Amino acid sequence: MPPSITHHTSHTMGNGASSSHSGSSSGGGSTITHDTNALGDGANGDGAGIVEAALTSPVADDDDYSIIPTAPSSPCSSAASLSPDDADLFDVGADAASGTGTMCSSVDLARFSIIDSTLREGEQFVSAHYNTAQKLMIAQALDEFGVDYIEVTSPAASPQSRADCAAICKLGLKAKILCHIRCNMDDARIAVSTGVDGINMCIGTSPQLMKNSHGKDMKYIAATAKEIIEYVKSEGIEIRFSGEDSFRSDFNEILNLYTLMDSLGADRVGIADTVGGATPLEVFDKIEALRRVVSCDIETHFHNDTGCAIANAYTALEAGATHVDTTVLGIGERNGITPLSGLMACLMPRYPEFIRGKYKLEKLGALEKLVAETVSVEIPFNMLDTNTP
């Protein structure tokens with residue numbers, strides 16, 4: 001009989017340590033939470049040779065991802081050129097190898113999108129216990145504001161989560177509806193059945209999570225993700241692959257793994273600061289290195305444990321990321337993630353016409369009030385103001 005699945009706590013593992021705690025989970029081995037990376041019985045062997053070859057890292061030492069040529073540290077300077085050897089290594093193409101491209105610290109507005117996760121990450125906030133009606137109201141308010149994507153809880157988490165996901169998909173919103181799933185084919189099939197526009201697949205890639213969460217290695221992760229990407233794309237649905245706890249992962253392995261995911265047709269790869277310890281300089285370096293080896297979109301997810309979530313999100317965009325995860329009021333697990341209004345306030349001084357043209361800032365106050373009332377909190381006195389001329 002399969003283990004039961006609960007829906008509230010993120011990143012806690014039935015048989016191992018939570019990404020937000022150093023100790024073991026108190027839930028025991030019989031419960032899997034909706035954001036876990038517990039996996040099924042092994043990956044299909046088809047394409048295993050391709051996967052193994054792609055994951056044979058040419059970079060020898062840990063913390064040596066700087067072997068990927070990076071731009072000078074000065075913002076908006078021309079990027080250092082990739083050598084032909086580098087291009088062959090990661091199959092990044094002739095333009096990068098010839099040095100015809102440049103890396104400038106400005107946001108790629110043509111590809112910029114907000115993925116609001118108030119109905120997924122936000123559901124892990126201590127006082128968030130949404131019912132179906134509240135989820136529908138929040139989804140509609142997010143759509144009225146103009147977010148590009150709305151991310152919801154995994155439909156594999158519980159029958160109610162599955163029903164709620166399907167109900168949100170039937171609202172006919174302009175925003176695309178995404179759901180979060182484990183790197184698990186059963187989860188993917190359930191997600192596809194709900195009518196979502198896209199799937200955000202996630203599995204732990206840090207040594208801590210590979211040991212304590214799912215016990216699988218990179219070859220297994222790559223092979224399983226390959227199956228799921230091929231299946232989801234065959235259904236005409238967007239898919240993102242993300243390594244949970246990316247910033248504590250071996251970044252050489254991340255670069256190789258994400259290069260493979262890009263070549264398999266993933267629409268996005270995701271970088272997650274799951275424990276909230278990344279700094280802006282680290283973010284810039286790693287996102288810039290990733291941007292050089294993938295052509296797909298790059299999604300980012302920053303927790304706010306050190307107060308850097310807004311700065312990290314903006315820095316990631318300047319380094320080449322395209323999508324930022326937000327929540328209304330920044331609610332989420334522990335200290336939450338990048339707040340929607342904070343990101344808007346950070347972008348407004350530099351891109352006022354773009355932000356005012358794409359998003360209905362006048363709707364933000366009502367949206368924050370709705371979420372604050374739903375989770376029984378006051379709107380913080382220092383919530384950033386997006387109405388500055």
# chains A, B, ... in the order shown; residues from 1 in each chain; ligands from 1
$ closest_atom_pairs --of "segment 169-272 of chain A" --to "segment 293-297 of chain A" --cutoff "8 Å" --atoms "only C-alpha atoms" --output "tab-separated table"
residue	atom	partner	partner_atom	distance
A:Leu255	CA	A:Val293	CA	7.3
A:Tyr258	CA	A:Val294	CA	7.2
A:Thr259	CA	A:Val294	CA	5.7
A:Asp262	CA	A:Cys296	CA	6.1
A:Ala266	CA	A:Cys296	CA	7.2
A:Asp267	CA	A:Cys296	CA	5.8
A:Arg268	CA	A:Asp297	CA	4.5
A:Val269	CA	A:Asp297	CA	6.5
$ write_last_selection --atoms "C-alpha atoms" --output "PDB file, in the first residue's frame"
ATOM      1  CA  LEU A 255      25.571  22.879 -14.949  1.00  0.00           C
ATOM      2  CA  TYR A 258      20.735  21.490 -16.579  1.00  0.00           C
ATOM      3  CA  THR A 259      22.532  21.403 -19.922  1.00  0.00           C
ATOM      4  CA  ASP A 262      17.790  22.001 -21.825  1.00  0.00           C
ATOM      5  CA  ALA A 266      12.666  21.560 -20.813  1.00  0.00           C
ATOM      6  CA  ASP A 267      11.051  24.992 -21.081  1.00  0.00           C
ATOM      7  CA  ARG A 268      12.833  26.203 -17.961  1.00  0.00           C
ATOM      8  CA  VAL A 269      15.424  25.118 -15.464  1.00  0.00           C
TER       9      VAL A 269
END
$ residues_around --residues "Tyr130 of chain A" --least-positions-apart "6" --cutoff "10 Å" --atoms "only C-alpha atoms" --output "ChimeraX atom specification"
/A:119,122-123,136,138,374-375
$ atom_distance --atom1 "atom CA of Val324 of chain A" --atom2 "atom CA of Leu209 of chain A"
23.1 Å
$ select_by_dssp --residues "segment 288-385 of chain A" --states "strand (DSSP E or B)" --output "ChimeraX atom specification"
/A:297-303,323-327,337,339
$ residues_around --residues "Thr326 of chain A" --least-positions-apart "5" --cutoff "8 Å" --atoms "only C-alpha atoms" --output "PyMOL selection string"
chain A and resi 114-118+301+337-340
$ write_last_selection --atoms "C-alpha atoms" --output "tab-separated table (two decimals), in the first residue's frame"
chain	number	residue	atom	x	y	z
A	114	ILE	CA	6.38	36.36	-12.62
A	115	ILE	CA	5.44	32.94	-11.28
A	116	ASP	CA	3.31	33.67	-8.24
A	117	SER	CA	3.31	30.84	-5.74
A	118	THR	CA	0.90	32.18	-3.11
A	301	HIS	CA	13.17	30.78	-6.15
A	337	ILE	CA	10.17	34.07	-0.34
A	338	THR	CA	10.43	37.13	-2.59
A	339	PRO	CA	7.31	39.29	-2.01
A	340	LEU	CA	5.40	40.30	-5.12
$ closest_residue --among "A:Met348, A:Ala139, A:Ile271, A:Val107" --to "Ala319 of chain A" --atoms "only C-alpha atoms"
A:Val107
$ atom_distance --atom1 "atom CA of Ala133 of chain A" --atom2 "atom CA of His303 of chain A"
27.5 Å
$ residues_around --residues "Ile239 of chain A" --least-positions-apart "2" --cutoff "9 Å" --atoms "only C-alpha atoms" --output "PyMOL selection string"
chain A and resi 178+197-201+229+232-233+237+241+265-269
$ write_last_selection --atoms "C-alpha atoms" --output "compact mmCIF listing (two decimals), in the first residue's frame"
# COMPACT_ATOMS: atom_id res chain seq x y z
CA LEU A 178 1.35 25.53 -13.05
CA ASP A 197 -0.71 24.60 -18.55
CA GLY A 198 2.62 23.65 -17.05
CA ILE A 199 4.41 21.48 -14.53
CA ASN A 200 7.20 22.51 -12.16
CA MET A 201 9.19 19.34 -11.44
CA ILE A 229 10.11 15.66 -19.69
CA VAL A 232 4.92 15.97 -20.44
CA LYS A 233 6.13 17.53 -23.69
CA ILE A 237 2.43 21.03 -21.63
CA PHE A 241 13.15 21.01 -14.06
CA GLY A 265 13.38 20.22 -24.30
CA ALA A 266 12.67 21.56 -20.81
CA ASP A 267 11.05 24.99 -21.08
CA ARG A 268 12.83 26.20 -17.96
CA VAL A 269 15.42 25.12 -15.46
$ residues_around --residues "segment 360-371 of chain A" --least-positions-apart "6" --cutoff "8 Å" --atoms "only C-alpha atoms" --output "PyMOL selection string"
chain A and resi 138+141-142+144-146+328-329+341+379+386-387
$ atom_distance --atom1 "atom CA of Val152 of chain A" --atom2 "atom CA of Arg120 of chain A"
4.5 Å
$ residues_around --residues "Pro280 of chain A" --least-positions-apart "4" --cutoff "8 Å" --atoms "only C-alpha atoms" --output "list in words"
Phe284, Cys308, Ala311, Asn312, Thr315 and Ala316 of chain A
$ write_last_selection --atoms "N, CA, C and O atoms" --output "PDB file, in the first residue's frame"
ATOM      1  N   PHE A 284      24.648  36.175  -8.668  1.00  0.00           N
ATOM      2  CA  PHE A 284      25.073  36.681  -9.973  1.00  0.00           C
ATOM      3  C   PHE A 284      26.039  35.708 -10.648  1.00  0.00           C
ATOM      4  O   PHE A 284      25.891  35.368 -11.824  1.00  0.00           O
ATOM      5  N   CYS A 308      17.557  38.579   2.014  1.00  0.00           N
ATOM      6  CA  CYS A 308      18.131  38.886   0.698  1.00  0.00           C
ATOM      7  C   CYS A 308      17.226  38.488  -0.473  1.00  0.00           C
ATOM      8  O   CYS A 308      17.666  38.566  -1.626  1.00  0.00           O
ATOM      9  N   ALA A 311      16.710  41.287  -3.187  1.00  0.00           N
ATOM     10  CA  ALA A 311      17.996  41.595  -3.822  1.00  0.00           C
ATOM     11  C   ALA A 311      18.475  40.429  -4.677  1.00  0.00           C
ATOM     12  O   ALA A 311      18.983  40.630  -5.787  1.00  0.00           O
ATOM     13  N   ASN A 312      18.312  39.215  -4.177  1.00  0.00           N
ATOM     14  CA  ASN A 312      18.740  38.048  -4.946  1.00  0.00           C
ATOM     15  C   ASN A 312      17.919  37.883  -6.220  1.00  0.00           C
ATOM     16  O   ASN A 312      18.453  37.531  -7.280  1.00  0.00           O
ATOM     17  N   THR A 315      19.017  40.591  -8.707  1.00  0.00           N
ATOM     18  CA  THR A 315      20.362  40.264  -9.193  1.00  0.00           C
ATOM     19  C   THR A 315      20.310  39.112 -10.184  1.00  0.00           C
ATOM     20  O   THR A 315      21.013  39.113 -11.201  1.00  0.00           O
ATOM     21  N   ALA A 316      19.483  38.107  -9.890  1.00  0.00           N
ATOM     22  CA  ALA A 316      19.344  36.970 -10.802  1.00  0.00           C
ATOM     23  C   ALA A 316      18.843  37.419 -12.162  1.00  0.00           C
ATOM     24  O   ALA A 316      19.320  36.953 -13.204  1.00  0.00           O
TER      25      ALA A 316
END
$ decode --residues "segment 257-277 of chain A" --atoms "N, CA, C and O atoms" --output "CSV table (one decimal), in the first residue's frame"
chain,number,residue,atom,x,y,z
A,257,LEU,N,23.8,18.8,-15.5
A,257,LEU,CA,22.5,18.3,-15.4
A,257,LEU,C,21.5,19.2,-16.2
A,257,LEU,O,20.7,18.8,-17.0
A,258,TYR,N,21.6,20.5,-15.9
A,258,TYR,CA,20.7,21.5,-16.6
A,258,TYR,C,21.0,21.6,-18.1
A,258,TYR,O,20.1,21.9,-18.8
A,259,THR,N,22.2,21.4,-18.5
A,259,THR,CA,22.5,21.4,-19.9
A,259,THR,C,21.8,20.2,-20.6
A,259,THR,O,21.2,20.4,-21.7
A,260,LEU,N,21.8,19.1,-19.9
A,260,LEU,CA,21.0,18.0,-20.4
A,260,LEU,C,19.5,18.2,-20.5
A,260,LEU,O,18.9,18.0,-21.4
A,261,MET,N,19.0,18.8,-19.4
A,261,MET,CA,17.5,19.1,-19.3
A,261,MET,C,17.2,20.1,-20.5
A,261,MET,O,16.1,19.9,-21.1
A,262,ASP,N,18.0,21.1,-20.7
A,262,ASP,CA,17.8,22.0,-21.8
A,262,ASP,C,17.8,21.3,-23.2
A,262,ASP,O,16.9,21.5,-24.0
A,263,SER,N,18.7,20.4,-23.4
A,263,SER,CA,18.8,19.6,-24.6
A,263,SER,C,17.6,18.7,-24.8
A,263,SER,O,17.2,18.3,-25.9
A,264,LEU,N,17.0,18.3,-23.7
A,264,LEU,CA,15.8,17.4,-23.8
A,264,LEU,C,14.5,18.1,-24.0
A,264,LEU,O,13.5,17.5,-24.2
A,265,GLY,N,14.6,19.4,-24.0
A,265,GLY,CA,13.4,20.2,-24.3
A,265,GLY,C,12.7,20.9,-23.1
A,265,GLY,O,11.5,21.3,-23.3
A,266,ALA,N,13.3,20.9,-21.9
A,266,ALA,CA,12.7,21.6,-20.8
A,266,ALA,C,12.5,23.0,-21.2
A,266,ALA,O,13.4,23.7,-21.8
A,267,ASP,N,11.3,23.6,-20.8
A,267,ASP,CA,11.1,25.0,-21.1
A,267,ASP,C,11.8,25.9,-20.2
A,267,ASP,O,12.2,27.0,-20.5
A,268,ARG,N,12.1,25.4,-18.9
A,268,ARG,CA,12.8,26.2,-18.0
A,268,ARG,C,13.6,25.2,-17.1
A,268,ARG,O,13.3,24.1,-16.9
A,269,VAL,N,14.7,25.8,-16.6
A,269,VAL,CA,15.4,25.1,-15.5
A,269,VAL,C,15.3,26.1,-14.3
A,269,VAL,O,15.3,27.3,-14.5
A,270,GLY,N,15.3,25.5,-13.1
A,270,GLY,CA,15.0,26.3,-11.9
A,270,GLY,C,16.2,26.3,-10.9
A,270,GLY,O,16.8,25.2,-10.7
A,271,ILE,N,16.5,27.4,-10.4
A,271,ILE,CA,17.5,27.5,-9.3
A,271,ILE,C,16.8,27.9,-8.1
A,271,ILE,O,16.1,29.0,-8.0
A,272,ALA,N,17.0,27.1,-7.0
A,272,ALA,CA,16.3,27.4,-5.8
A,272,ALA,C,17.2,27.5,-4.6
A,272,ALA,O,18.1,26.7,-4.3
A,273,ASP,N,17.1,28.7,-3.9
A,273,ASP,CA,17.8,28.9,-2.7
A,273,ASP,C,16.9,28.4,-1.5
A,273,ASP,O,16.3,29.2,-0.8
A,274,THR,N,16.8,27.1,-1.4
A,274,THR,CA,15.8,26.5,-0.5
A,274,THR,C,16.0,26.9,0.9
A,274,THR,O,15.0,27.0,1.7
A,275,VAL,N,17.2,27.1,1.4
A,275,VAL,CA,17.5,27.4,2.8
A,275,VAL,C,17.7,28.9,3.0
A,275,VAL,O,18.0,29.3,4.2
A,276,GLY,N,17.7,29.7,2.0
A,276,GLY,CA,17.7,31.1,2.1
A,276,GLY,C,19.1,31.7,2.5
A,276,GLY,O,19.2,32.7,3.2
A,277,GLY,N,20.2,31.0,2.1
A,277,GLY,CA,21.5,31.4,2.5
A,277,GLY,C,22.3,32.1,1.4
A,277,GLY,O,23.5,32.5,1.6
